[in-house]
file coords24.cif (mmCIF, C-alpha atoms)
data_data
loop_
_atom_site.group_PDB
_atom_site.id
_atom_site.type_symbol
_atom_site.label_atom_id
_atom_site.label_comp_id
_atom_site.auth_asym_id
_atom_site.auth_seq_id
_atom_site.Cartn_x
_atom_site.Cartn_y
_atom_site.Cartn_z
ATOM 1 C CA ASP A 1 -12.211 12.599 -3.347
ATOM 2 C CA GLN A 2 -9.872 11.166 -0.736
ATOM 3 C CA GLN A 3 -11.729 8.324 0.977
ATOM 4 C CA VAL A 4 -8.913 7.667 3.440
ATOM 5 C CA LYS A 5 -7.219 10.671 5.014
ATOM 6 C CA GLN A 6 -4.168 11.094 7.158
ATOM 7 C CA ASN A 7 -4.299 14.744 8.066
ATOM 8 C CA SER A 8 -0.928 14.948 9.800
ATOM 9 C CA PRO A 9 1.903 14.774 7.259
ATOM 10 C CA SER A 10 4.473 14.511 10.030
ATOM 11 C CA LEU A 11 4.867 13.800 13.725
ATOM 12 C CA SER A 12 7.845 14.016 16.086
ATOM 13 C CA VAL A 13 7.921 12.099 19.350
ATOM 14 C CA GLN A 14 10.523 11.600 22.046
ATOM 15 C CA GLU A 15 11.950 8.105 22.439
ATOM 16 C CA GLY A 16 10.035 6.112 25.034
ATOM 17 C CA ARG A 17 6.859 8.170 24.705
ATOM 18 C CA ILE A 18 3.659 7.222 22.917
ATOM 19 C CA SER A 19 3.196 7.881 19.201
ATOM 20 C CA ILE A 20 -0.387 8.273 17.996
ATOM 21 C CA LEU A 21 -1.044 8.275 14.282
ATOM 22 C CA ASN A 22 -4.538 9.041 13.033
ATOM 23 C CA CYS A 23 -6.569 8.093 9.995
ATOM 24 C CA ASP A 24 -10.083 9.073 8.935
ATOM 25 C CA TYR A 25 -12.231 7.471 6.277
ATOM 26 C CA THR A 26 -15.452 8.436 4.576
ATOM 27 C CA ASN A 27 -16.836 5.152 3.199
ATOM 28 C CA SER A 28 -18.791 3.297 5.865
ATOM 29 C CA MET A 29 -18.634 0.121 3.746
ATOM 30 C CA PHE A 30 -14.939 -0.426 4.454
ATOM 31 C CA ASP A 31 -14.608 -3.524 6.621
ATOM 32 C CA TYR A 32 -10.867 -4.117 6.857
ATOM 33 C CA PHE A 33 -8.178 -1.660 7.858
ATOM 34 C CA LEU A 34 -4.412 -1.969 7.891
ATOM 35 C CA TRP A 35 -1.327 -0.009 8.823
ATOM 36 C CA TYR A 36 1.904 -0.246 6.866
ATOM 37 C CA LYS A 37 5.315 1.162 7.642
ATOM 38 C CA LYS A 38 7.672 2.357 4.939
ATOM 39 C CA TYR A 39 11.382 3.074 5.106
ATOM 40 C CA PRO A 40 13.133 4.993 2.301
ATOM 41 C CA ALA A 41 14.074 2.906 -0.747
ATOM 42 C CA GLU A 42 11.988 -0.043 0.456
ATOM 43 C CA GLY A 43 8.468 -1.249 -0.122
ATOM 44 C CA PRO A 44 5.838 -0.837 2.604
ATOM 45 C CA THR A 45 5.746 -3.565 5.233
ATOM 46 C CA PHE A 46 2.627 -4.691 7.033
ATOM 47 C CA LEU A 47 2.320 -3.662 10.658
ATOM 48 C CA ILE A 48 -1.123 -4.438 12.034
ATOM 49 C CA SER A 49 -4.706 -4.768 10.868
ATOM 50 C CA ILE A 50 -8.225 -4.650 12.248
ATOM 51 C CA SER A 51 -11.550 -5.934 11.056
ATOM 52 C CA SER A 52 -14.636 -3.757 11.319
ATOM 53 C CA ILE A 53 -16.166 -6.187 13.803
ATOM 54 C CA LYS A 54 -13.499 -5.241 16.351
ATOM 55 C CA ASP A 55 -12.607 -1.959 17.990
ATOM 56 C CA LYS A 56 -9.080 -2.788 19.102
ATOM 57 C CA ASN A 57 -6.226 -5.007 18.039
ATOM 58 C CA GLU A 58 -2.893 -5.277 19.787
ATOM 59 C CA ASP A 59 0.464 -6.673 18.698
ATOM 60 C CA GLY A 60 3.356 -6.002 21.007
ATOM 61 C CA ARG A 61 4.079 -2.269 21.084
ATOM 62 C CA PHE A 62 1.470 -1.572 18.402
ATOM 63 C CA THR A 63 -2.256 -1.132 18.993
ATOM 64 C CA VAL A 64 -4.858 -0.105 16.455
ATOM 65 C CA PHE A 65 -8.161 1.389 17.574
ATOM 66 C CA LEU A 66 -11.228 1.614 15.365
ATOM 67 C CA ASN A 67 -14.122 3.973 16.025
ATOM 68 C CA LYS A 68 -16.719 3.113 13.401
ATOM 69 C CA SER A 69 -19.192 5.794 14.393
ATOM 70 C CA ALA A 70 -16.538 8.461 13.922
ATOM 71 C CA LYS A 71 -15.013 6.656 10.921
ATOM 72 C CA HIS A 72 -11.644 6.997 12.580
ATOM 73 C CA LEU A 73 -8.751 4.702 13.332
ATOM 74 C CA SER A 74 -5.550 5.314 15.181
ATOM 75 C CA LEU A 75 -2.251 3.533 15.627
ATOM 76 C CA HIS A 76 -0.564 3.720 19.012
ATOM 77 C CA ILE A 77 3.102 2.855 19.396
ATOM 78 C CA VAL A 78 4.268 2.445 22.980
ATOM 79 C CA PRO A 79 7.084 2.933 23.761
ATOM 80 C CA SER A 80 8.347 4.644 20.632
ATOM 81 C CA GLN A 81 11.842 3.748 19.474
ATOM 82 C CA PRO A 82 14.190 5.470 17.018
ATOM 83 C CA GLY A 83 13.811 2.498 14.657
ATOM 84 C CA ASP A 84 10.111 3.336 14.372
ATOM 85 C CA SER A 85 11.014 6.459 12.394
ATOM 86 C CA ALA A 86 9.356 5.868 9.021
ATOM 87 C CA VAL A 87 6.334 6.833 6.954
ATOM 88 C CA TYR A 88 3.127 5.155 8.115
ATOM 89 C CA PHE A 89 0.222 4.500 5.767
ATOM 90 C CA CYS A 90 -3.255 3.458 6.744
ATOM 91 C CA ALA A 91 -5.313 1.510 4.218
ATOM 92 C CA ALA A 92 -8.918 0.380 3.929
ATOM 93 C CA SER A 93 -10.676 -2.263 1.924
ATOM 94 C CA GLY A 94 -13.915 -4.173 1.516
ATOM 95 C CA ALA A 95 -16.231 -1.515 0.138
ATOM 96 C CA SER A 96 -18.675 -2.923 -2.396
ATOM 97 C CA GLY A 97 -17.477 -6.425 -1.539
ATOM 98 C CA THR A 98 -14.251 -5.912 -3.447
ATOM 99 C CA TYR A 99 -10.602 -6.245 -2.523
ATOM 100 C CA LYS A 100 -9.742 -2.830 -3.835
ATOM 101 C CA TYR A 101 -7.467 -1.003 -1.395
ATOM 102 C CA ILE A 102 -7.494 2.704 -0.635
ATOM 103 C CA PHE A 103 -4.434 4.143 1.090
ATOM 104 C CA GLY A 104 -3.986 7.370 2.977
ATOM 105 C CA THR A 105 -1.301 9.875 2.075
ATOM 106 C CA GLY A 106 1.000 8.825 4.898
ATOM 107 C CA THR A 107 2.396 10.314 8.113
ATOM 108 C CA ARG A 108 6.136 10.657 8.591
ATOM 109 C CA LEU A 109 7.033 9.709 12.156
ATOM 110 C CA LYS A 110 10.317 10.837 13.627
ATOM 111 C CA VAL A 111 11.294 9.388 16.988
ATOM 112 C CA LEU A 112 13.905 11.518 18.675
ATOM 113 C CA ALA A 113 16.595 9.824 20.769
ATOM 114 C CA GLU B 1 13.107 -16.385 1.067
ATOM 115 C CA ALA B 2 9.568 -15.124 0.507
ATOM 116 C CA GLN B 3 9.672 -12.152 -1.779
ATOM 117 C CA VAL B 4 8.058 -9.986 -4.421
ATOM 118 C CA THR B 5 10.520 -9.100 -7.163
ATOM 119 C CA GLN B 6 10.102 -6.165 -9.497
ATOM 120 C CA ASN B 7 12.172 -5.380 -12.577
ATOM 121 C CA PRO B 8 13.572 -3.007 -13.528
ATOM 122 C CA ARG B 9 14.204 -1.046 -10.346
ATOM 123 C CA TYR B 10 14.873 2.148 -12.276
ATOM 124 C CA LEU B 11 13.959 3.198 -15.791
ATOM 125 C CA ILE B 12 14.225 6.430 -17.704
ATOM 126 C CA THR B 13 12.394 6.385 -21.019
ATOM 127 C CA VAL B 14 10.605 8.645 -23.464
ATOM 128 C CA THR B 15 6.988 9.413 -24.160
ATOM 129 C CA GLY B 16 5.212 6.825 -26.276
ATOM 130 C CA LYS B 17 7.749 4.014 -25.994
ATOM 131 C CA LYS B 18 5.956 0.929 -24.700
ATOM 132 C CA LEU B 19 7.353 -0.544 -21.519
ATOM 133 C CA THR B 20 6.648 -3.433 -19.181
ATOM 134 C CA VAL B 21 7.473 -3.674 -15.498
ATOM 135 C CA THR B 22 7.597 -7.257 -14.346
ATOM 136 C CA CYS B 23 6.485 -8.542 -10.962
ATOM 137 C CA SER B 24 6.993 -12.039 -9.641
ATOM 138 C CA GLN B 25 6.200 -13.601 -6.273
ATOM 139 C CA ASN B 26 7.379 -16.931 -4.879
ATOM 140 C CA MET B 27 4.733 -17.389 -2.175
ATOM 141 C CA ASN B 28 1.995 -19.009 -4.295
ATOM 142 C CA HIS B 29 -0.215 -16.019 -3.541
ATOM 143 C CA GLU B 30 -3.552 -15.639 -5.285
ATOM 144 C CA TYR B 31 -3.866 -11.859 -4.908
ATOM 145 C CA MET B 32 -1.518 -9.452 -6.666
ATOM 146 C CA SER B 33 -1.698 -5.723 -7.117
ATOM 147 C CA TRP B 34 0.051 -2.669 -8.540
ATOM 148 C CA TYR B 35 0.319 0.724 -6.850
ATOM 149 C CA ARG B 36 1.897 4.030 -7.655
ATOM 150 C CA GLN B 37 3.255 6.410 -5.041
ATOM 151 C CA ASP B 38 3.328 10.131 -5.690
ATOM 152 C CA PRO B 39 4.219 12.996 -3.326
ATOM 153 C CA GLY B 40 1.198 14.198 -1.404
ATOM 154 C CA LEU B 41 -1.011 11.461 -2.855
ATOM 155 C CA GLY B 42 0.199 8.405 -0.986
ATOM 156 C CA LEU B 43 -0.212 4.985 -2.560
ATOM 157 C CA ARG B 44 -2.895 4.558 -5.185
ATOM 158 C CA GLN B 45 -3.965 1.187 -6.503
ATOM 159 C CA ILE B 46 -3.751 0.785 -10.274
ATOM 160 C CA TYR B 47 -4.966 -2.782 -10.875
ATOM 161 C CA TYR B 48 -5.384 -5.910 -8.840
ATOM 162 C CA SER B 49 -5.846 -9.586 -9.575
ATOM 163 C CA MET B 50 -7.719 -12.070 -7.428
ATOM 164 C CA ASN B 51 -6.281 -15.059 -9.296
ATOM 165 C CA VAL B 52 -5.088 -16.251 -12.699
ATOM 166 C CA GLU B 53 -7.037 -14.573 -15.523
ATOM 167 C CA VAL B 54 -8.996 -12.439 -13.010
ATOM 168 C CA THR B 55 -8.079 -8.755 -12.948
ATOM 169 C CA ASP B 56 -9.913 -5.613 -11.910
ATOM 170 C CA LYS B 57 -9.382 -1.882 -11.889
ATOM 171 C CA GLY B 58 -8.099 -0.042 -8.878
ATOM 172 C CA ASP B 59 -8.403 3.677 -8.360
ATOM 173 C CA VAL B 60 -6.132 4.906 -11.163
ATOM 174 C CA PRO B 61 -6.146 2.363 -14.035
ATOM 175 C CA GLU B 62 -6.048 4.819 -16.948
ATOM 176 C CA GLY B 63 -3.009 4.384 -19.175
ATOM 177 C CA TYR B 64 -2.071 0.986 -17.752
ATOM 178 C CA LYS B 65 -2.693 -2.638 -18.657
ATOM 179 C CA VAL B 66 -2.057 -5.823 -16.721
ATOM 180 C CA SER B 67 -2.252 -9.522 -17.341
ATOM 181 C CA ARG B 68 -2.255 -12.567 -15.071
ATOM 182 C CA LYS B 69 -1.491 -15.620 -17.143
ATOM 183 C CA GLU B 70 0.420 -17.389 -14.385
ATOM 184 C CA LYS B 71 -0.086 -17.259 -10.643
ATOM 185 C CA ARG B 72 3.395 -15.969 -9.852
ATOM 186 C CA ASN B 73 3.617 -13.146 -12.422
ATOM 187 C CA PHE B 74 1.684 -9.900 -12.772
ATOM 188 C CA PRO B 75 3.303 -7.538 -15.288
ATOM 189 C CA LEU B 76 2.340 -3.873 -15.578
ATOM 190 C CA ILE B 77 2.248 -2.577 -19.141
ATOM 191 C CA LEU B 78 2.381 1.033 -20.235
ATOM 192 C CA GLU B 79 1.440 0.937 -23.913
ATOM 193 C CA SER B 80 2.132 4.625 -24.570
ATOM 194 C CA PRO B 81 3.773 6.160 -21.506
ATOM 195 C CA SER B 82 3.324 9.843 -20.788
ATOM 196 C CA PRO B 83 5.167 12.170 -18.378
ATOM 197 C CA ASN B 84 2.283 12.061 -15.868
ATOM 198 C CA GLN B 85 3.094 8.370 -15.345
ATOM 199 C CA THR B 86 6.464 9.294 -13.881
ATOM 200 C CA SER B 87 6.196 7.759 -10.444
ATOM 201 C CA LEU B 88 7.374 5.128 -7.983
ATOM 202 C CA TYR B 89 5.582 1.847 -8.621
ATOM 203 C CA PHE B 90 5.052 -1.010 -6.204
ATOM 204 C CA CYS B 91 3.852 -4.525 -6.801
ATOM 205 C CA ALA B 92 2.313 -6.455 -3.925
ATOM 206 C CA SER B 93 0.845 -9.875 -3.240
ATOM 207 C CA SER B 94 -1.123 -11.673 -0.554
ATOM 208 C CA GLY B 95 -2.557 -15.127 -0.028
ATOM 209 C CA THR B 96 -6.050 -13.847 -0.664
ATOM 210 C CA GLY B 97 -7.596 -10.433 -1.158
ATOM 211 C CA GLY B 98 -8.412 -10.068 2.515
ATOM 212 C CA GLN B 99 -4.902 -10.556 3.858
ATOM 213 C CA PRO B 100 -1.997 -8.155 4.386
ATOM 214 C CA GLN B 101 0.141 -7.649 1.319
ATOM 215 C CA HIS B 102 3.847 -8.188 0.798
ATOM 216 C CA PHE B 103 5.364 -5.404 -1.260
ATOM 217 C CA GLY B 104 8.268 -5.359 -3.660
ATOM 218 C CA ASP B 105 11.009 -2.757 -3.304
ATOM 219 C CA GLY B 106 9.614 -0.508 -6.006
ATOM 220 C CA THR B 107 10.356 0.605 -9.555
ATOM 221 C CA ARG B 108 11.138 4.235 -10.205
ATOM 222 C CA LEU B 109 9.932 5.241 -13.672
ATOM 223 C CA SER B 110 10.840 8.542 -15.301
ATOM 224 C CA ILE B 111 9.105 9.336 -18.575
ATOM 225 C CA LEU B 112 10.528 12.287 -20.447
#

call {"tool": "encode", "arguments": {"input": "coords24.cif", "output": "C-alpha coordinates"}}
result
Amino acid sequence: DQQVKQNSPSLSVQEGRISILNCDYTNSMFDYFLWYKKYPAEGPTFLISISSIKDKNEDGRFTVFLNKSAKHLSLHIVPSQPGDSAVYFCAASGASGTYKYIFGTGTRLKVLA
Amino acid sequence: EAQVTQNPRYLITVTGKKLTVTCSQNMNHEYMSWYRQDPGLGLRQIYYSMNVEVTDKGDVPEGYKVSRKEKRNFPLILESPSPNQTSLYFCASSGTGGQPQHFGDGTRLSIL
(Lines of atoms letter the chains of each structure in order from A and count residues from 1; the text may use other names and numbers.)
(Lines give C-alpha, C1' and ligand atoms only; values in the text may rest on other atoms or scores of the structure.)
Protein backbone atom coordinates (compact mmCIF):
# COMPACT_ATOMS: atom_id res chain seq x y z
CA ASP A 1 0.00 0.00 0.00
CA GLN A 2 1.69 3.15 -1.26
CA GLN A 3 1.15 5.83 1.39
CA VAL A 4 2.86 8.52 -0.68
CA LYS A 5 2.07 8.66 -4.38
CA GLN A 6 3.50 10.60 -7.26
CA ASN A 7 1.17 9.72 -10.08
CA SER A 8 3.11 11.41 -12.87
CA PRO A 9 6.27 9.46 -13.70
CA SER A 10 7.47 12.23 -15.99
CA LEU A 11 6.90 15.86 -16.90
CA SER A 12 8.31 18.07 -19.65
CA VAL A 13 8.26 21.85 -19.37
CA GLN A 14 9.64 24.66 -21.48
CA GLU A 15 12.46 26.72 -19.99
CA GLY A 16 11.13 29.79 -18.20
CA ARG A 17 7.68 28.31 -17.60
CA ILE A 18 6.29 26.92 -14.36
CA SER A 19 6.84 23.29 -13.37
CA ILE A 20 4.25 21.77 -11.04
CA LEU A 21 5.00 18.44 -9.45
CA ASN A 22 2.29 16.71 -7.43
CA CYS A 23 2.24 14.31 -4.52
CA ASP A 24 -0.66 12.65 -2.71
CA TYR A 25 -0.59 10.87 0.62
CA THR A 26 -3.03 8.68 2.47
CA ASN A 27 -1.92 8.86 6.12
CA SER A 28 -3.38 11.92 7.82
CA MET A 29 -0.87 11.52 10.67
CA PHE A 30 2.06 12.68 8.54
CA ASP A 31 3.21 16.04 9.86
CA TYR A 32 6.36 16.81 7.89
CA PHE A 33 6.83 16.77 4.14
CA LEU A 34 9.92 17.23 2.02
CA TRP A 35 10.98 17.39 -1.60
CA TYR A 36 14.29 16.01 -2.81
CA LYS A 37 15.95 16.31 -6.19
CA LYS A 38 18.08 13.55 -7.65
CA TYR A 39 20.54 13.65 -10.52
CA PRO A 40 21.85 10.42 -12.08
CA ALA A 41 24.72 8.75 -10.20
CA GLU A 42 24.23 11.01 -7.18
CA GLY A 43 22.31 10.79 -3.95
CA PRO A 44 19.12 12.81 -3.48
CA THR A 45 19.59 16.38 -2.30
CA PHE A 46 17.14 18.25 -0.13
CA LEU A 47 15.12 20.97 -1.83
CA ILE A 48 12.38 22.28 0.42
CA SER A 49 10.15 21.13 3.26
CA ILE A 50 6.88 22.03 4.92
CA SER A 51 5.36 21.31 8.28
CA SER A 52 1.72 20.31 8.55
CA ILE A 53 0.96 23.51 10.45
CA LYS A 54 1.68 25.53 7.31
CA ASP A 55 0.09 25.54 3.88
CA LYS A 56 2.90 27.17 1.93
CA ASN A 57 6.66 27.47 2.09
CA GLU A 58 8.81 29.39 -0.34
CA ASP A 59 12.53 29.32 -1.08
CA GLY A 60 13.65 31.28 -4.09
CA ARG A 61 12.22 29.69 -7.24
CA PHE A 62 10.73 26.80 -5.27
CA THR A 63 7.39 26.83 -3.46
CA VAL A 64 5.69 23.92 -1.77
CA PHE A 65 1.95 23.97 -1.15
CA LEU A 66 0.18 21.68 1.30
CA ASN A 67 -3.54 20.96 1.20
CA LYS A 68 -4.22 18.84 4.26
CA SER A 69 -7.90 18.30 3.56
CA ALA A 70 -7.07 16.86 0.15
CA LYS A 71 -3.91 15.14 1.45
CA HIS A 72 -2.02 16.71 -1.41
CA LEU A 73 1.18 18.65 -1.80
CA SER A 74 2.73 20.25 -4.82
CA LEU A 75 6.09 21.71 -5.73
CA HIS A 76 6.16 24.75 -7.99
CA ILE A 77 9.34 25.77 -9.77
CA VAL A 78 9.25 29.22 -11.34
CA PRO A 79 10.93 29.90 -13.69
CA SER A 80 12.08 26.44 -14.70
CA GLN A 81 15.67 26.09 -15.86
CA PRO A 82 17.43 23.30 -17.77
CA GLY A 83 19.50 22.55 -14.65
CA ASP A 84 16.27 21.63 -12.86
CA SER A 85 16.00 18.52 -15.03
CA ALA A 86 16.16 15.68 -12.51
CA VAL A 87 14.00 13.17 -10.66
CA TYR A 88 11.98 14.73 -7.84
CA PHE A 89 10.86 12.73 -4.82
CA CYS A 90 8.36 13.81 -2.22
CA ALA A 91 8.64 12.31 1.25
CA ALA A 92 6.52 12.30 4.39
CA SER A 93 7.21 11.61 8.02
CA GLY A 94 5.83 11.88 11.52
CA ALA A 95 3.09 9.26 11.50
CA SER A 96 2.79 7.48 14.83
CA GLY A 97 5.27 9.94 16.32
CA THR A 98 8.17 8.26 14.56
CA TYR A 99 10.87 9.51 12.24
CA LYS A 100 10.20 6.84 9.68
CA TYR A 101 10.18 8.33 6.18
CA ILE A 102 7.96 7.30 3.30
CA PHE A 103 9.00 8.40 -0.18
CA GLY A 104 7.02 8.62 -3.37
CA THR A 105 8.10 6.88 -6.55
CA GLY A 106 9.49 10.03 -8.12
CA THR A 107 8.71 12.30 -11.08
CA ARG A 108 11.28 12.85 -13.80
CA LEU A 109 11.27 16.51 -14.81
CA LYS A 110 12.74 17.54 -18.13
CA VAL A 111 13.12 21.26 -18.77
CA LEU A 112 13.47 21.97 -22.45
CA ALA A 113 15.75 24.81 -23.57
CA GLU B 1 33.48 19.14 3.64
CA ALA B 2 30.25 17.80 5.11
CA GLN B 3 29.54 14.42 3.65
CA VAL B 4 28.04 10.96 3.94
CA THR B 5 30.43 8.32 2.65
CA GLN B 6 29.35 4.87 1.55
CA ASN B 7 31.60 1.94 0.68
CA PRO B 8 31.77 0.12 -1.59
CA ARG B 9 30.15 2.08 -4.40
CA TYR B 10 29.65 -1.05 -6.48
CA LEU B 11 29.58 -4.71 -5.55
CA ILE B 12 28.74 -7.86 -7.42
CA THR B 13 28.46 -10.92 -5.20
CA VAL B 14 26.71 -14.25 -4.93
CA THR B 15 23.72 -15.50 -3.01
CA GLY B 16 24.41 -16.32 0.62
CA LYS B 17 27.77 -14.58 0.97
CA LYS B 18 27.56 -12.16 3.88
CA LEU B 19 28.34 -8.56 3.06
CA THR B 20 28.51 -5.22 4.82
CA VAL B 21 28.03 -1.79 3.31
CA THR B 22 29.62 0.89 5.43
CA CYS B 23 28.28 4.39 5.96
CA SER B 24 30.06 7.20 7.73
CA GLN B 25 29.12 10.84 8.27
CA ASN B 26 31.32 13.69 9.48
CA MET B 27 28.57 16.10 10.59
CA ASN B 28 28.01 14.76 14.13
CA HIS B 29 24.46 13.88 13.12
CA GLU B 30 22.25 11.91 15.47
CA TYR B 31 19.89 10.48 12.84
CA MET B 32 21.05 8.00 10.22
CA SER B 33 19.11 5.88 7.80
CA TRP B 34 19.35 3.35 4.98
CA TYR B 35 17.20 3.30 1.84
CA ARG B 36 16.97 1.19 -1.25
CA GLN B 37 15.89 2.52 -4.63
CA ASP B 38 14.22 0.24 -7.13
CA PRO B 39 12.60 1.08 -10.49
CA GLY B 40 8.96 2.00 -10.09
CA LEU B 41 9.17 1.81 -6.29
CA GLY B 42 11.08 4.96 -5.45
CA LEU B 43 13.09 5.11 -2.25
CA ARG B 44 12.12 2.77 0.56
CA GLN B 45 13.50 3.07 4.06
CA ILE B 46 15.16 -0.06 5.42
CA TYR B 47 16.29 0.95 8.92
CA TYR B 48 16.91 4.16 10.77
CA SER B 49 18.73 5.16 13.92
CA MET B 50 17.85 8.06 16.18
CA ASN B 51 21.18 7.89 18.03
CA VAL B 52 23.89 5.51 19.22
CA GLU B 53 22.44 2.10 20.13
CA VAL B 54 18.94 3.19 19.02
CA THR B 55 17.70 1.62 15.79
CA ASP B 56 14.27 0.96 14.35
CA LYS B 57 12.71 -0.69 11.34
CA GLY B 58 11.73 1.22 8.26
CA ASP B 59 9.36 -0.05 5.62
CA VAL B 60 11.44 -2.92 4.23
CA PRO B 61 13.74 -4.30 6.97
CA GLU B 62 13.51 -8.00 6.08
CA GLY B 63 16.87 -9.54 5.21
CA TYR B 64 18.90 -6.65 6.61
CA LYS B 65 20.63 -5.83 9.88
CA VAL B 66 22.14 -2.60 11.15
CA SER B 67 24.14 -1.47 14.12
CA ARG B 68 24.97 1.94 15.58
CA LYS B 69 27.87 1.56 17.95
CA GLU B 70 29.36 4.96 17.16
CA LYS B 71 27.62 8.18 16.19
CA ARG B 72 29.39 8.55 12.85
CA ASN B 73 28.95 4.99 11.51
CA PHE B 74 25.86 3.05 10.49
CA PRO B 75 26.74 -0.14 8.60
CA LEU B 76 24.16 -2.15 6.66
CA ILE B 77 24.62 -5.91 6.92
CA LEU B 78 23.20 -8.53 4.60
CA GLU B 79 23.76 -11.81 6.43
CA SER B 80 22.59 -14.03 3.57
CA PRO B 81 22.02 -11.90 0.47
CA SER B 82 19.49 -12.99 -2.12
CA PRO B 83 18.89 -11.79 -5.69
CA ASN B 84 15.84 -9.73 -4.63
CA GLN B 85 18.24 -7.51 -2.65
CA THR B 86 19.88 -6.39 -5.87
CA SER B 87 19.31 -2.66 -5.70
CA LEU B 88 20.78 0.82 -5.33
CA TYR B 89 21.32 1.62 -1.66
CA PHE B 90 21.59 5.03 -0.06
CA CYS B 91 22.70 6.03 3.39
CA ALA B 92 21.54 9.34 4.82
CA SER B 93 21.96 11.41 7.96
CA SER B 94 20.45 14.46 9.61
CA GLY B 95 20.97 16.40 12.81
CA THR B 96 17.79 14.99 14.27
CA GLY B 97 14.96 12.87 12.94
CA GLY B 98 12.88 15.89 12.01
CA GLN B 99 15.42 17.57 9.76
CA PRO B 100 16.25 17.15 6.06
CA GLN B 101 18.69 14.37 5.35
CA HIS B 102 22.04 14.44 3.60
CA PHE B 103 22.46 11.45 1.32
CA GLY B 104 25.52 9.53 0.25
CA ASP B 105 26.17 8.85 -3.43
CA GLY B 106 24.82 5.32 -3.31
CA THR B 107 26.02 1.73 -3.44
CA ARG B 108 24.94 -0.45 -6.32
CA LEU B 109 24.65 -4.08 -5.19
CA SER B 110 24.18 -6.96 -7.60
CA ILE B 111 23.52 -10.36 -6.05
CA LEU B 112 23.71 -13.26 -8.45

call {"tool": "resolve_selection", "arguments": {"input": "coords24.cif", "expression": "the PyMOL selection byres ((chain B) within 7 of (chain A))", "output": "list in words"}}
result
Gly40, Leu41, Gly42, Leu43, Arg44, Gln45, Gly58, Phe90, Gly97, Gly98, Pro100, Gln101, His102, Phe103, Gly104, Asp105 and Gly106 of chain B

call {"tool": "resolve_selection", "arguments": {"input": "coords24.cif", "expression": "the PyMOL selection byres ((chain B and resi 65-80) around 10)", "output": "MDAnalysis selection string"}}
result
chainID B and resid 4:7 14:34 46:57 61:64 81:82 85 89 91:93

call {"tool": "resolve_selection", "arguments": {"input": "coords24.cif", "expression": "the PyMOL selection byres ((chain A and resi 20-24) around 6)", "output": "mmCIF file with C-alpha atoms, in the coordinates of the input"}}
result
data_model
loop_
_atom_site.group_PDB
_atom_site.id
_atom_site.type_symbol
_atom_site.label_atom_id
_atom_site.label_comp_id
_atom_site.auth_asym_id
_atom_site.auth_seq_id
_atom_site.Cartn_x
_atom_site.Cartn_y
_atom_site.Cartn_z
ATOM 1 C CA VAL A 4 -8.913 7.667 3.440
ATOM 2 C CA LYS A 5 -7.219 10.671 5.014
ATOM 3 C CA GLN A 6 -4.168 11.094 7.158
ATOM 4 C CA SER A 19 3.196 7.881 19.201
ATOM 5 C CA TYR A 25 -12.231 7.471 6.277
ATOM 6 C CA LYS A 71 -15.013 6.656 10.921
ATOM 7 C CA HIS A 72 -11.644 6.997 12.580
ATOM 8 C CA LEU A 73 -8.751 4.702 13.332
ATOM 9 C CA SER A 74 -5.550 5.314 15.181
ATOM 10 C CA LEU A 75 -2.251 3.533 15.627
ATOM 11 C CA HIS A 76 -0.564 3.720 19.012
#

call {"tool": "atom_distance", "arguments": {"input": "coords24.cif", "atom1": "atom CA of Gly16 of chain A", "atom2": "atom CA of Val87 of chain A"}}
result
18.5 Å

call {"tool": "closest_residue", "arguments": {"input": "coords24.cif", "among": "A:Ile77, A:Asp55, A:Tyr39, A:Asn67", "to": "Glu15 of chain A", "atoms": "all atoms listed in the file"}}
result
A:Ile77

call {"tool": "residues_around", "arguments": {"input": "coords24.cif", "residues": "Ala86 of chain A", "least_positions_apart": "6", "cutoff": "6 Å", "atoms": "all atoms listed in the file", "output": "list in words"}}
result
Lys38, Tyr39, Arg108 and Leu109 of chain A

call {"tool": "residues_around", "arguments": {"input": "coords24.cif", "residues": "Asp38 of chain B", "least_positions_apart": "6", "cutoff": "9 Å", "atoms": "all atoms listed in the file", "output": "JSON, numbers by chain"}}
result
{"B": [44, 86, 87, 88]}

call {"tool": "atom_distance", "arguments": {"input": "coords24.cif", "atom1": "atom CA of Thr63 of chain A", "atom2": "atom CA of Gln81 of chain A"}}
result
14.9 Å

call {"tool": "closest_residue", "arguments": {"input": "coords24.cif", "among": "B:Gly95, B:Pro39, B:Pro8, B:Pro83", "to": "Thr107 of chain B", "atoms": "all atoms listed in the file"}}
result
B:Pro8

call {"tool": "closest_residue", "arguments": {"input": "coords24.cif", "among": "A:Pro79, A:Tyr88, A:Ser12, A:Gln3", "to": "Lys110 of chain A", "atoms": "all atoms listed in the file"}}
result
A:Ser12

call {"tool": "atom_distance", "arguments": {"input": "coords24.cif", "atom1": "atom CA of Ala70 of chain A", "atom2": "atom CA of Asn27 of chain A"}}
result
11.2 Å
